[in-house]
Structures are given as C-alpha cells and as structure tokens.
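Source file: run_35.cif (mmCIF, C-alpha atoms)
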```cif
data_upload
#
loop_
_atom_site.label_atom_id
_atom_site.label_comp_id
_atom_site.auth_asym_id
_atom_site.auth_seq_id
_atom_site.Cartn_x
_atom_site.Cartn_y
_atom_site.Cartn_z
CA MET W 1257 104.90 190.51 61.02
CA GLN W 1258 102.04 188.09 61.51
CA LEU W 1259 102.78 184.57 62.63
CA ARG W 1260 100.53 181.64 63.40
CA ILE W 1261 101.34 179.09 66.03
CA SER W 1262 99.85 175.64 65.84
CA ILE W 1263 99.76 173.47 68.92
CA ASP W 1264 98.07 170.36 67.60
CA GLY W 1265 101.26 168.38 67.35
CA GLY W 1266 104.21 168.96 65.04
CA ALA W 1267 107.20 171.26 65.39
CA PRO W 1268 108.07 172.94 68.71
CA ILE W 1269 106.75 176.51 69.00
CA TYR W 1270 110.18 178.21 68.85
CA GLN W 1271 110.95 176.30 65.66
CA GLN W 1272 107.66 177.40 64.11
CA ILE W 1273 108.63 181.03 64.80
CA VAL W 1274 112.12 180.60 63.31
CA GLU W 1275 110.73 178.97 60.20
CA GLN W 1276 107.91 181.44 59.65
CA VAL W 1277 110.17 184.48 60.06
CA LYS W 1278 112.55 183.00 57.49
CA ARG W 1279 109.67 182.35 55.13
CA LEU W 1280 108.38 185.92 55.48
CA ILE W 1281 111.86 187.19 54.63
CA ALA W 1282 112.33 184.77 51.74
CA GLY W 1283 108.91 185.77 50.38
CA GLY W 1284 109.70 189.48 50.63
CA ARG W 1285 107.00 190.24 53.19
CA LEU W 1286 109.69 191.15 55.70
CA GLN W 1287 112.24 193.50 54.13
CA PRO W 1288 115.84 193.90 55.30
CA GLY W 1289 116.00 196.59 57.97
CA SER W 1290 112.36 196.28 58.98
CA ASP W 1291 111.44 196.03 62.66
CA ILE W 1292 110.90 192.75 64.46
CA PRO W 1293 108.47 193.10 67.40
CA PRO W 1294 110.00 193.08 70.89
CA ILE W 1295 109.92 189.72 72.68
CA ARG W 1296 107.13 190.56 75.10
CA VAL W 1297 104.96 192.08 72.36
CA LEU W 1298 105.15 188.98 70.20
CA ALA W 1299 104.70 186.73 73.25
CA GLU W 1300 101.50 188.52 74.21
CA GLN W 1301 100.23 188.59 70.66
CA LEU W 1302 100.78 184.86 70.14
CA ARG W 1303 99.91 184.09 73.77
CA ILE W 1304 103.07 182.10 74.35
CA ASN W 1305 105.90 182.09 76.87
CA PRO W 1306 108.33 185.01 76.33
CA ASN W 1307 111.20 182.57 76.95
CA THR W 1308 110.09 180.69 73.83
CA VAL W 1309 110.14 183.85 71.73
CA ALA W 1310 113.55 184.71 73.17
CA ARG W 1311 114.80 181.27 72.19
CA ALA W 1312 113.53 181.73 68.62
CA TYR W 1313 115.11 185.20 68.33
CA LEU W 1314 118.39 183.87 69.68
CA GLU W 1315 118.37 181.18 67.01
CA LEU W 1316 117.55 183.74 64.29
CA GLN W 1317 120.35 186.00 65.54
CA ARG W 1318 122.81 183.15 65.60
CA GLU W 1319 121.98 182.43 61.98
CA GLY W 1320 122.34 186.11 61.07
CA VAL W 1321 118.71 186.45 60.00
CA ILE W 1322 117.93 189.25 62.45
CA VAL W 1323 120.15 191.73 64.28
CA THR W 1324 119.64 193.40 67.65
CA ARG W 1325 121.16 196.82 68.13
CA GLN W 1326 121.43 198.55 71.49
CA GLY W 1327 118.59 201.02 71.79
CA SER W 1328 117.08 200.54 68.35
CA GLY W 1329 115.49 197.15 68.79
CA THR W 1330 115.64 194.14 66.54
CA VAL W 1331 115.56 194.33 62.75
CA VAL W 1332 115.83 192.02 59.78
CA ALA W 1333 119.49 191.73 58.74
CA GLU W 1334 120.59 193.84 55.76
CA SER W 1335 122.71 191.18 54.17
CA LYS W 1336 119.82 188.96 53.23
CA PRO W 1337 121.00 185.64 54.62
CA THR W 1338 118.75 183.56 52.48
CA MET W 1339 117.81 180.10 53.57
CA SER W 1340 120.33 177.58 52.40
CA ARG W 1341 119.27 175.29 49.60
CA LYS W 1342 119.39 172.43 52.07
CA GLU W 1343 117.02 174.22 54.44
CA LYS W 1344 114.57 175.06 51.68
CA LEU W 1345 114.53 171.48 50.52
CA LYS W 1346 114.00 170.31 54.08
CA ILE W 1347 110.80 172.36 54.29
CA LEU W 1348 109.61 171.08 50.92
CA ALA W 1349 110.43 167.50 51.87
CA ARG W 1350 107.46 167.44 54.25
CA THR W 1351 105.06 168.43 51.49
CA ALA W 1352 106.74 165.96 49.17
CA ASP W 1353 106.25 163.18 51.70
CA VAL W 1354 102.53 163.91 51.88
CA LEU W 1355 102.28 163.91 48.08
CA LEU W 1356 104.20 160.66 47.74
CA THR W 1357 102.19 158.95 50.48
CA ASP W 1358 98.97 159.92 48.72
CA ALA W 1359 100.37 158.77 45.39
CA SER W 1360 101.34 155.43 46.84
CA HIS W 1361 97.87 154.97 48.37
CA LEU W 1362 96.30 155.81 45.01
CA ASP W 1363 98.75 153.54 43.23
CA VAL W 1364 100.08 156.33 41.01
CA PRO W 1365 103.64 155.62 39.79
CA LEU W 1366 106.45 158.08 40.49
CA GLU W 1367 106.85 159.07 36.82
CA ASP W 1368 103.22 160.19 36.75
CA VAL W 1369 103.70 162.20 39.94
CA LEU W 1370 106.75 163.95 38.47
CA ALA W 1371 104.88 164.67 35.25
CA LEU W 1372 102.00 166.08 37.30
CA VAL W 1373 104.36 168.39 39.21
CA ARG W 1374 105.72 169.77 35.91
CA GLU W 1375 102.24 170.18 34.52
CA ARG W 1376 101.03 172.06 37.62
CA ASP W 1377 104.09 174.29 37.42
CA THR W 1378 103.17 175.43 33.90
CA VAL W 1379 99.64 176.17 35.13
CA LEU W 1380 100.75 178.11 38.23
CA HIS W 1381 103.72 179.92 36.68
CA PRO W 1382 102.87 180.23 32.96
CA GLU W 1383 105.30 183.11 32.42
CA ALA W 1384 108.30 181.20 33.77
CA SER W 1385 107.94 178.17 31.56
CA ARG W 1386 108.57 178.06 27.89
CA MET I 666 117.54 177.98 79.47
CA LYS I 667 119.23 175.72 81.98
CA LEU I 668 117.67 172.41 82.80
CA PRO I 669 116.42 172.48 86.36
CA SER I 670 118.52 170.38 88.68
CA PRO I 671 118.85 169.91 92.42
CA SER I 672 122.29 171.50 92.34
CA SER I 673 120.98 174.63 90.67
CA ALA I 674 121.50 177.46 93.14
CA GLU I 675 119.04 179.45 91.05
CA ALA I 676 116.17 177.11 91.90
CA VAL I 677 113.29 179.20 93.24
CA VAL I 678 111.40 176.04 94.12
CA ALA I 679 113.25 172.92 95.24
CA VAL I 680 111.16 169.92 96.25
CA SER I 681 113.11 166.73 96.99
CA GLY I 682 111.69 163.30 97.66
CA LEU I 683 108.46 164.74 99.05
CA GLY I 684 106.06 162.14 100.47
CA ARG I 685 102.64 162.57 102.00
CA ARG I 686 99.95 160.19 103.16
CA PHE I 687 96.41 160.93 104.27
CA GLY I 688 95.40 157.91 106.34
CA ASP I 689 96.21 154.90 104.20
CA LYS I 690 96.03 156.90 100.98
CA THR I 691 99.31 158.00 99.41
CA ALA I 692 98.86 161.56 98.16
CA LEU I 693 102.46 162.25 97.16
CA ASP I 694 105.18 159.67 96.67
CA ASN I 695 108.82 160.70 96.33
CA VAL I 696 108.06 163.88 94.38
CA SER I 697 111.01 165.99 93.25
CA VAL I 698 110.49 169.23 91.37
CA PHE I 699 112.92 172.08 90.71
CA ILE I 700 111.99 175.38 89.13
CA PRO I 701 114.80 177.70 88.06
CA ARG I 702 114.34 181.46 88.32
CA GLY I 703 112.45 183.01 85.43
CA SER I 704 110.86 179.84 84.17
CA VAL I 705 107.28 178.64 83.95
CA LEU I 706 106.29 175.21 85.18
CA GLY I 707 103.03 173.60 84.12
CA LEU I 708 101.71 171.07 86.61
CA VAL I 709 99.31 168.60 85.04
CA GLY I 710 97.50 165.43 85.94
CA GLU I 711 94.03 164.11 86.60
CA ASN I 712 91.89 165.25 89.51
CA GLY I 713 93.23 163.67 92.66
CA ALA I 714 96.71 163.15 91.21
CA GLY I 715 98.22 165.32 93.94
CA LYS I 716 98.59 168.74 92.28
CA THR I 717 96.82 170.74 94.97
CA THR I 718 98.51 168.73 97.74
CA LEU I 719 101.89 169.64 96.22
CA ILE I 720 100.91 173.31 96.03
CA LYS I 721 99.78 173.27 99.67
CA HIS I 722 103.26 172.06 100.66
CA LEU I 723 104.83 174.95 98.74
CA LEU I 724 102.65 177.39 100.65
CA GLY I 725 103.50 175.84 104.01
CA MET I 726 99.90 174.71 104.55
CA LEU I 727 101.12 171.12 104.86
CA LYS I 728 104.31 169.88 106.51
CA PRO I 729 106.37 167.34 104.54
CA GLN I 730 106.15 163.85 106.08
CA THR I 731 109.22 162.80 104.13
CA GLY I 732 111.58 164.77 101.94
CA SER I 733 111.99 168.52 101.85
CA VAL I 734 110.44 171.65 100.39
CA ARG I 735 112.40 174.89 99.87
CA LEU I 736 111.30 178.16 98.32
CA PHE I 737 114.08 180.71 97.82
CA GLY I 738 116.15 178.36 99.97
CA LEU I 739 113.67 178.74 102.86
CA GLU I 740 111.38 176.22 104.49
CA PRO I 741 107.76 177.41 104.08
CA VAL I 742 106.57 175.71 107.28
CA ALA I 743 109.41 177.18 109.35
CA ASP I 744 109.41 180.66 107.82
CA PRO I 745 105.91 181.39 106.50
CA VAL I 746 106.37 185.16 106.51
CA GLY I 747 109.69 185.03 104.68
CA VAL I 748 108.25 182.74 102.04
CA LEU I 749 104.68 183.96 101.62
CA SER I 750 105.65 187.63 101.30
CA ARG I 751 107.42 186.65 98.08
CA VAL I 752 104.71 184.36 96.70
CA GLY I 753 101.55 185.31 94.84
CA TYR I 754 98.87 182.66 95.06
CA LEU I 755 95.58 182.17 93.26
CA SER I 756 93.64 179.28 94.74
CA GLU I 757 91.41 177.06 92.70
CA ARG I 758 88.44 177.95 94.89
CA ARG I 759 89.22 181.68 94.77
CA ASP I 760 87.56 182.25 98.12
CA LEU I 761 87.49 186.02 98.32
CA PRO I 762 85.51 188.01 100.91
CA GLY I 763 82.20 188.41 99.08
CA TRP I 764 80.87 191.21 101.27
CA MET I 765 83.73 193.55 100.33
CA ARG I 766 83.69 195.92 97.40
CA VAL I 767 86.54 195.64 94.88
CA ASP I 768 88.29 198.77 96.22
CA GLU I 769 87.89 197.58 99.82
CA PHE I 770 89.28 194.19 98.88
CA MET I 771 92.31 195.87 97.30
CA ARG I 772 92.98 197.98 100.40
CA TYR I 773 92.44 194.96 102.64
CA THR I 774 94.93 192.83 100.70
CA GLN I 775 97.39 195.71 100.52
CA ALA I 776 97.58 195.74 104.33
CA PHE I 777 99.23 192.31 104.30
CA TYR I 778 101.96 193.19 101.82
CA PRO I 779 104.51 195.92 102.39
CA ASN I 780 105.56 195.65 98.74
CA TRP I 781 102.06 196.30 97.39
CA ASP I 782 102.37 198.52 94.31
CA GLU I 783 99.33 200.79 94.34
CA ALA I 784 99.84 202.17 90.84
CA TYR I 785 100.31 198.68 89.41
CA ALA I 786 97.21 197.43 91.26
CA GLU I 787 95.21 200.25 89.71
CA THR I 788 96.60 199.45 86.24
CA LEU I 789 95.58 195.84 86.67
CA ARG I 790 92.11 196.83 87.91
CA LYS I 791 91.54 198.90 84.77
CA GLN I 792 93.05 196.24 82.54
CA PHE I 793 90.74 193.64 84.07
CA GLN I 794 87.81 196.08 83.84
CA LEU I 795 86.82 195.69 87.49
CA ASP I 796 84.44 198.29 88.93
CA PRO I 797 85.90 199.49 92.28
CA LYS I 798 82.42 200.00 93.75
CA GLN I 799 81.11 196.54 92.90
CA ARG I 800 80.69 193.91 95.61
CA ILE I 801 82.85 190.81 95.21
CA SER I 802 79.81 188.55 95.72
CA THR I 803 78.12 190.05 92.66
CA LEU I 804 81.13 189.59 90.33
CA SER I 805 80.93 187.01 87.56
CA GLN I 806 83.12 183.94 87.77
CA GLY I 807 85.59 185.48 85.32
CA GLN I 808 85.71 188.80 87.20
CA THR I 809 86.24 186.95 90.50
CA ALA I 810 89.20 185.13 88.98
CA LYS I 811 90.60 188.45 87.77
CA ALA I 812 90.14 190.04 91.23
CA GLY I 813 91.97 187.07 92.75
CA LEU I 814 94.75 187.38 90.20
CA LEU I 815 95.03 191.11 90.85
CA ALA I 816 95.52 190.41 94.56
CA ALA I 817 98.20 187.83 93.73
CA LEU I 818 100.09 190.11 91.33
CA ALA I 819 99.97 193.60 92.81
CA TYR I 820 102.90 193.13 95.19
CA ARG I 821 105.06 191.84 92.35
CA PRO I 822 105.87 188.46 93.91
CA ASP I 823 109.03 186.61 92.87
CA LEU I 824 107.02 183.41 92.52
CA LEU I 825 103.46 183.14 91.27
CA ILE I 826 101.49 179.99 92.08
CA LEU I 827 98.23 179.51 90.22
CA ASP I 828 96.00 176.56 90.94
CA GLU I 829 93.80 175.97 87.88
CA PRO I 830 93.75 179.68 86.96
CA SER I 831 91.42 179.23 84.02
CA SER I 832 89.16 176.38 85.02
CA GLY I 833 85.50 177.12 84.43
CA LEU I 834 86.20 180.39 82.60
CA ASP I 835 85.09 181.44 79.16
CA PRO I 836 87.70 181.82 76.38
CA VAL I 837 87.82 185.63 76.53
CA VAL I 838 88.59 185.69 80.27
CA ARG I 839 91.05 182.82 79.83
CA ARG I 840 92.89 184.87 77.25
CA ASP I 841 93.05 187.92 79.55
CA ILE I 842 94.45 185.78 82.35
CA LEU I 843 96.94 184.07 80.06
CA GLU I 844 98.15 187.45 78.80
CA ALA I 845 98.53 188.70 82.37
CA ILE I 846 100.68 185.66 83.17
CA ILE I 847 102.78 186.22 80.05
CA ARG I 848 103.38 189.83 81.06
CA ILE I 849 104.53 188.68 84.50
CA VAL I 850 107.00 186.22 83.01
CA ALA I 851 108.33 188.89 80.65
CA GLU I 852 109.33 190.89 83.72
CA GLU I 853 112.84 189.96 84.69
CA GLY I 854 113.19 187.05 87.08
CA ARG I 855 109.53 186.16 87.71
CA THR I 856 108.89 182.48 88.18
CA VAL I 857 105.52 180.83 87.70
CA LEU I 858 104.01 177.50 88.70
CA PHE I 859 100.53 176.80 87.42
CA SER I 860 98.36 173.74 87.38
CA SER I 861 95.96 173.26 84.52
CA HIS I 862 93.70 170.90 82.71
CA LEU I 863 94.02 172.90 79.52
CA LEU I 864 96.98 171.32 77.83
CA ASP I 865 97.07 173.80 74.96
CA GLU I 866 97.67 176.53 77.56
CA VAL I 867 100.41 174.49 79.17
CA GLU I 868 102.02 173.91 75.80
CA ARG I 869 101.90 177.62 75.02
CA ILE I 870 103.37 178.99 78.21
CA ALA I 871 105.21 176.29 80.16
CA ASP I 872 108.99 175.91 79.85
CA GLN I 873 108.79 172.78 81.92
CA VAL I 874 106.03 170.23 82.41
CA VAL I 875 105.50 167.98 85.40
CA MET I 876 102.83 165.31 85.24
CA LEU I 877 101.56 163.71 88.42
CA GLN I 878 99.74 160.43 88.46
CA ARG I 879 98.48 158.94 91.71
CA GLY I 880 100.94 161.09 93.64
CA ARG I 881 103.99 160.23 91.56
CA VAL I 882 105.90 162.23 88.98
CA VAL I 883 105.53 160.32 85.71
CA LEU I 884 106.84 163.04 83.40
CA ASN I 885 109.20 165.90 84.14
CA GLY I 886 111.11 167.82 81.53
CA ARG I 887 111.26 170.71 79.14
CA THR I 888 108.01 170.99 77.24
CA ASP I 889 109.69 170.48 73.86
CA ASP I 890 111.69 167.52 75.16
CA VAL I 891 108.60 165.84 76.61
CA ARG I 892 106.85 166.17 73.26
CA GLY I 893 109.95 165.17 71.30
CA GLY I 894 110.35 162.08 73.48
CA HIS I 895 107.07 160.64 72.26
CA ILE I 896 105.86 159.46 68.87
CA SER I 897 102.31 159.13 67.67
CA ALA I 898 102.55 156.36 65.11
CA VAL I 899 100.45 154.02 63.04
CA LEU I 900 101.66 150.43 62.87
CA ALA I 901 100.54 148.17 60.06
CA PHE I 902 100.41 144.40 60.42
CA ALA I 903 100.36 141.95 57.53
CA GLN I 904 97.45 140.09 59.11
CA PRO I 905 94.43 141.60 60.88
CA GLN I 906 94.89 141.49 64.66
CA THR I 907 91.95 140.00 66.52
CA ALA I 908 93.05 141.38 69.89
CA THR I 909 94.80 144.61 70.84
CA PRO I 910 98.48 143.94 70.14
CA LEU I 911 100.90 144.16 73.05
CA ILE I 912 103.47 146.81 72.22
CA GLU I 913 106.35 147.53 74.56
CA GLY I 914 106.73 151.22 75.43
CA ALA I 915 103.33 152.12 74.00
CA HIS I 916 100.99 154.10 76.25
CA ALA I 917 97.85 153.81 74.19
CA VAL I 918 97.06 151.29 71.50
CA ASP I 919 93.93 151.80 69.51
CA GLY I 920 92.76 150.42 66.20
CA PHE I 921 91.21 147.62 64.26
CA GLY I 922 92.33 144.95 61.80
CA THR I 923 95.74 145.66 60.32
CA GLU I 924 96.29 149.30 61.40
CA TRP I 925 96.83 150.39 64.99
CA ARG I 926 97.62 153.84 66.37
CA VAL I 927 100.05 153.91 69.27
CA LEU I 928 101.52 156.58 71.48
CA PHE I 929 105.08 155.49 71.96
CA ALA I 930 107.59 156.80 74.53
CA GLY I 931 111.08 156.62 73.10
CA PRO I 932 113.18 157.38 70.03
CA LYS I 933 112.32 156.45 66.44
CA SER I 934 114.89 153.67 66.34
CA ALA I 935 113.30 151.99 69.37
CA LEU I 936 109.86 152.19 67.80
CA ALA I 937 111.13 150.61 64.59
CA ALA I 938 112.77 147.81 66.59
CA VAL I 939 109.65 147.15 68.66
CA ALA I 940 107.50 147.13 65.51
CA ALA I 941 109.84 144.74 63.72
CA GLU I 942 109.76 142.37 66.68
CA ILE I 943 105.98 141.97 66.49
CA GLY I 944 105.92 141.79 62.70
CA ALA I 945 104.54 145.27 62.05
CA SER I 946 105.82 148.25 60.12
CA VAL I 947 105.57 151.95 60.96
CA VAL I 948 103.46 153.58 58.27
CA GLU I 949 102.91 156.97 59.86
CA GLU I 950 104.64 158.94 62.59
CA ARG I 951 104.56 162.44 64.00
CA THR I 952 105.26 164.39 67.18
CA PRO I 953 102.15 164.33 69.37
CA SER I 954 100.73 167.31 71.22
CA LEU I 955 101.00 167.43 75.02
CA ASP I 956 97.29 166.74 75.18
CA GLU I 957 97.67 163.47 73.29
CA ILE I 958 100.60 162.42 75.47
CA LEU I 959 98.86 163.13 78.74
CA VAL I 960 95.58 161.54 77.75
CA ALA I 961 97.41 158.44 76.59
CA ARG I 962 99.54 158.23 79.71
CA ALA I 963 96.66 158.92 82.07
CA GLY I 964 94.39 156.36 80.48
CA GLY I 965 97.14 153.90 79.70
CA LYS I 966 97.83 150.65 81.39
CA GLY I 967 101.36 151.22 80.08
CA SER I 968 104.60 151.22 82.00
#
```
Have the structure of the file written as structure tokens, please.
Amino acid sequence: MQLRISIDGGAPIYQQIVEQVKRLIAGGRLQPGSDIPPIRVLAEQLRINPNTVARAYLELQREGVIVTRQGSGTVVAESKPTMSRKEKLKILARTADVLLTDASHLDVPLEDVLALVRERDTVLHPEASR
Amino acid sequence: MKLPSPSSAEAVVAVSGLGRRFGDKTALDNVSVFIPRGSVLGLVGENGAGKTTLIKHLLGMLKPQTGSVRLFGLEPVADPVGVLSRVGYLSERRDLPGWMRVDEFMRYTQAFYPNWDEAYAETLRKQFQLDPKQRISTLSQGQTAKAGLLAALAYRPDLLILDEPSSGLDPVVRRDILEAIIRIVAEEGRTVLFSSHLLDEVERIADQVVMLQRGRVVLNGRTDDVRGGHISAVLAFAQPQTATPLIEGAHAVDGFGTEWRVLFAGPKSALAAVAAEIGASVVEERTPSLDEILVARAGGKGS
C-alpha cells in the first residue's frame, strides 16, 4: 500500500489517507483481506504523526472499509464496501471544477466541453463504447 | 483526540496567563497553552516571538512573573527534580561537552537519570550511526543533534521538548530526527512539544499548533482546524484597483489591477459577504498550507 501525502495546501492529511485507501480498493490495487500496515509503520513511512494515521484508520473502520482483528492486525474488509455514488462524484467534482474553470477562461461553451468528454472517452476506452 | 482545555486533567503541560518582561520589553503576554497526554504540539513564530522564553519557563529556568506553569501538575520552579526527571530536552544550541567521547557522554548523562534505558540508548546510538569512540567536538552538526536527541530520549521521558530540532540540518538528518520523534509519539502516552521554522514538518507531525507573535498567542488550535479556518482566495474587482484594497479579516493582500490574492481568516460565507461589500467576487478559493497562513499572519498588518 503506497500512499502520497501532499502538504502544499488542500485536504487535511487524515482525509488524504482515507481517500487514497478507498481509491486503492476501488481500483483493485488493495484486495479484500489484504494487510493494512500498522499505524506506526505507516506513520514512519509517510513521516507523519501516528495520531493522524490512527484518525484515518478509525474513519475507515467506521465506514467498514477496513477491519481490525485482535492479534491479526488490520485488513481490507471482505464485503467490499464500495464508495457510494455520491462519494465518487464528490471526488470527480473537483476535477470537473478545474475543467469548467478552464473552459470558461477559454470561452468554450458547455456543450462543447460535454462533447469533448464523450470524445475523449471513446479514445481512452475504445472497447467500452460502441 | 480531545481538544486541550484548562479543565483537562490529562494535560501534561498547563500554562495559564503566563506573562514575562525583560526590562521594558514584553517577552510573553498572557500566554495559555495546554497539551493533553499523547499529543504533539508545534510551537511556531518568528525569531524573538517568545518561543524559547516559553520553553525556559517549562523547564523551570525562568520563574513566571504572572500566571502559572504546571507540568504533570507540578511547578517546575518549585520541584525541578520531580519535573525534569520526566522531561527530555533538546536545546536549540545543543551545547554538549565537546571534550567527551560519545560513549563517555552517554555514561555521563546516564548518571543523572535513574530511568536511563541502556539497551534503548544503544539502539538509538546504532540507529543514529554514532561512533562511540568519536569525540563530541569532532561530530558534524547533524551528528551532534542526534547525540543530543539520544540523551533526551534514552530515559524514555513522558514529555519531550525540542527547541528547533532540525534547524541548520540537511534533509537526510532532518528525516532521521523526524522519524525518531514519530517513533516516540507512537509509544503510548508520550507527549511532545517542539518549536520549528519548518512549517511542513509542523503540518506533518503536530496535532496542535500554537503561533506566538511578539509574545502573544495569535493562533492556537488543532492543526486541521487552523488550516480549515483560513481561506486562500482570489478576489476579482470590476475595475482595476489603484491601491491595495482594504479587506476586513484578510491577513495578506497582494495583487494588481482587478485580481487580488488574500489570506482570509474565517468561514466561506464571511469571505463572500466581505467581498460583496467592497464590490468584488471570489473567483478562486482553497485551503492554505500552514506555511502560507503563518507567513501571511507574521507579515500582515491585519487584525
């Protein structure tokens, strides 16, 4: 499990951890049942306060993303609690905002932006589109 | 994590209304700081803001002129042995006895602390790659800092006080020291206070941030809350502004013509209201880093 923490403004560190772990699971890089590093190991690796890692893990546990079992450490939950649609859209909203801001600066109308998104989709995922 | 408060019985450090003057210069003015057990406090501020003076009060090297200082519920000036035996301290100047060898220095320091953990000291020495036969005076700046940190850690103090632990050190040594601090915090119940100029370090490892400015506490809160309480925004005016616009609640205003970047203390709604009042609109906003906040507040003529 490799995470990257950015400290040049933006989301709080614990939130970055929560989000990145969820992304790794959603993308299949973290499989159900696989080990999550102990708090102090991740804290040392990322060079951040262990309390912050603990806070992120607590949040992930509360949401059922990871499970801690006595003696066997922390693992990714078996019942893949996928991100809710709302959560996924929330993450994408940030990227959408950047795109729309650029479009507005370049004076590109919304219809053209939408058309561009569809066009790029056929380029990136040719097998999925018909 | 609980928010530190005066009523918290768990407070390892409790400073209330501390005041200190040197001649006619006010060094500390009504400073209150509480650190709960197991948390890390980052003390920041410009040189001369009062950080070292505050630390000296914690160590009982200065007596409070007004207000009170308690560590573990004890008064450092009245009970130096009771307090200092539980505190590990790394001074900014790191004045270690240069004529001693590393192993002699370890034995010498050990004599002062009944709780000295010899095995742990040896682990730290290896971890820090210190040669036991080398003279302290011939150590590099980074190695000297590590030797000082070793001496502060090896008796497993309940509270660790670090005055500018990484100032003047190269990135590799800084990382080693940061990792050592993180390991200490990961041990149950260790509390840390460190002062630093390196805001990215503070942001990484501090639960709580206290900013001093001319002897006063101007910011005190959980690191995330301090960041979340500020907005870095760009305001756009319909007409070019010939002079720097006056913006209430803004700590730094910088720009030219129609667009001005501000560092605003307060919620989004307040920023929108302030902008509307002066005929501007918010065209960009994000959460600033601690560094941006502190630079803006230190340099600001703001409230």
Give me the chain W side of the contact with chain I, cut-off 6 Å, one line per residue showing its nearest atom pair and distance in Å at one decimal, counting all atoms listed in the file, sorted by chain and residue number, as a Markdown table.
```
| residue | atom | partner | partner_atom | distance |
| --- | --- | --- | --- | --- |
| W:Asp1264 | CA | I:Ser954 | CA | 5.4 |
| W:Gly1265 | CA | I:Ser954 | CA | 4.1 |
| W:Gly1266 | CA | I:Thr952 | CA | 5.2 |
| W:Pro1268 | CA | I:Asp889 | CA | 5.9 |
| W:Arg1296 | CA | I:Ala851 | CA | 5.9 |
| W:Glu1300 | CA | I:Glu844 | CA | 5.8 |
| W:Ile1304 | CA | I:Arg869 | CA | 4.7 |
| W:Asn1305 | CA | I:Ile870 | CA | 4.2 |
| W:Pro1306 | CA | I:Ala851 | CA | 5.8 |
```
Practice prompt. Have a look at I:Leu683, I:Ala963, I:Val918, I:Ala817 and name the one nearest to Arg735 (chain I); count all atoms listed in the file.
Written response: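 Closest candidate: I:Leu683.
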Worksheet item: By how many Å are CA of Ala1282 (chain W) and CA of Ile1347 (chain W) apart?
Response: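 Separation between CA of Ala1282 (chain W) and CA of Ile1347 (chain W): 12.8 Å.
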Please write out, as JSON, where the centre of an axis-aligned box around all listed atoms of region 919-928 of chain I lies and how long its edges are, in Å to one decimal, after adding 8 Å on each side.
```
{"center_x": 96.4, "center_y": 150.8, "center_z": 65.9, "size_x": 26.3, "size_y": 27.6, "size_z": 27.2}
```
Worksheet item: Given the choices I:Arg772, I:Arg758, I:Lys690, I:Arg766, which gets closest to Asp796 (chain I) if the distance is worked out from only C-alpha atoms?
Response: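 Using only C-alpha atoms, the shortest distance to Asp796 (chain I) belongs to I:Arg766.
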Fill in: Proximity to Leu708 (chain I) - best of I:Ser805, I:Ser946, I:Gln794, I:Gln873, only C-alpha atoms
I:Gln873
Practice prompt. Might you pull out every residue within 10 Å of region 907-915 of chain I, with only C-alpha atoms counted and same-chain residues fewer than 3 positions away left off, and present them as a ChimeraX atom specification?
Written response: /I:895-898,902,904,918-923,925-931,935-936,939-940,942-943,961-962,965-968
List as a JSON list (two decimals) with C-alpha atoms, keeping the file's coordinate frame the protein and nucleic acid residues near Gly763 (chain I), meaning an atom at most 8 Å away when all atoms listed in the file are counted, but skip any in the same chain fewer than 2 places from it.
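The new file around-v6.json reads:
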```json
[["chain", "number", "residue", "atom", "x", "y", "z"],
["I", 761, "LEU", "CA", 87.49, 186.02, 98.32],
["I", 765, "MET", "CA", 83.73, 193.55, 100.33],
["I", 766, "ARG", "CA", 83.69, 195.92, 97.40],
["I", 800, "ARG", "CA", 80.69, 193.91, 95.61],
["I", 801, "ILE", "CA", 82.85, 190.81, 95.21],
["I", 802, "SER", "CA", 79.81, 188.55, 95.72],
["I", 803, "THR", "CA", 78.12, 190.05, 92.66]]
```
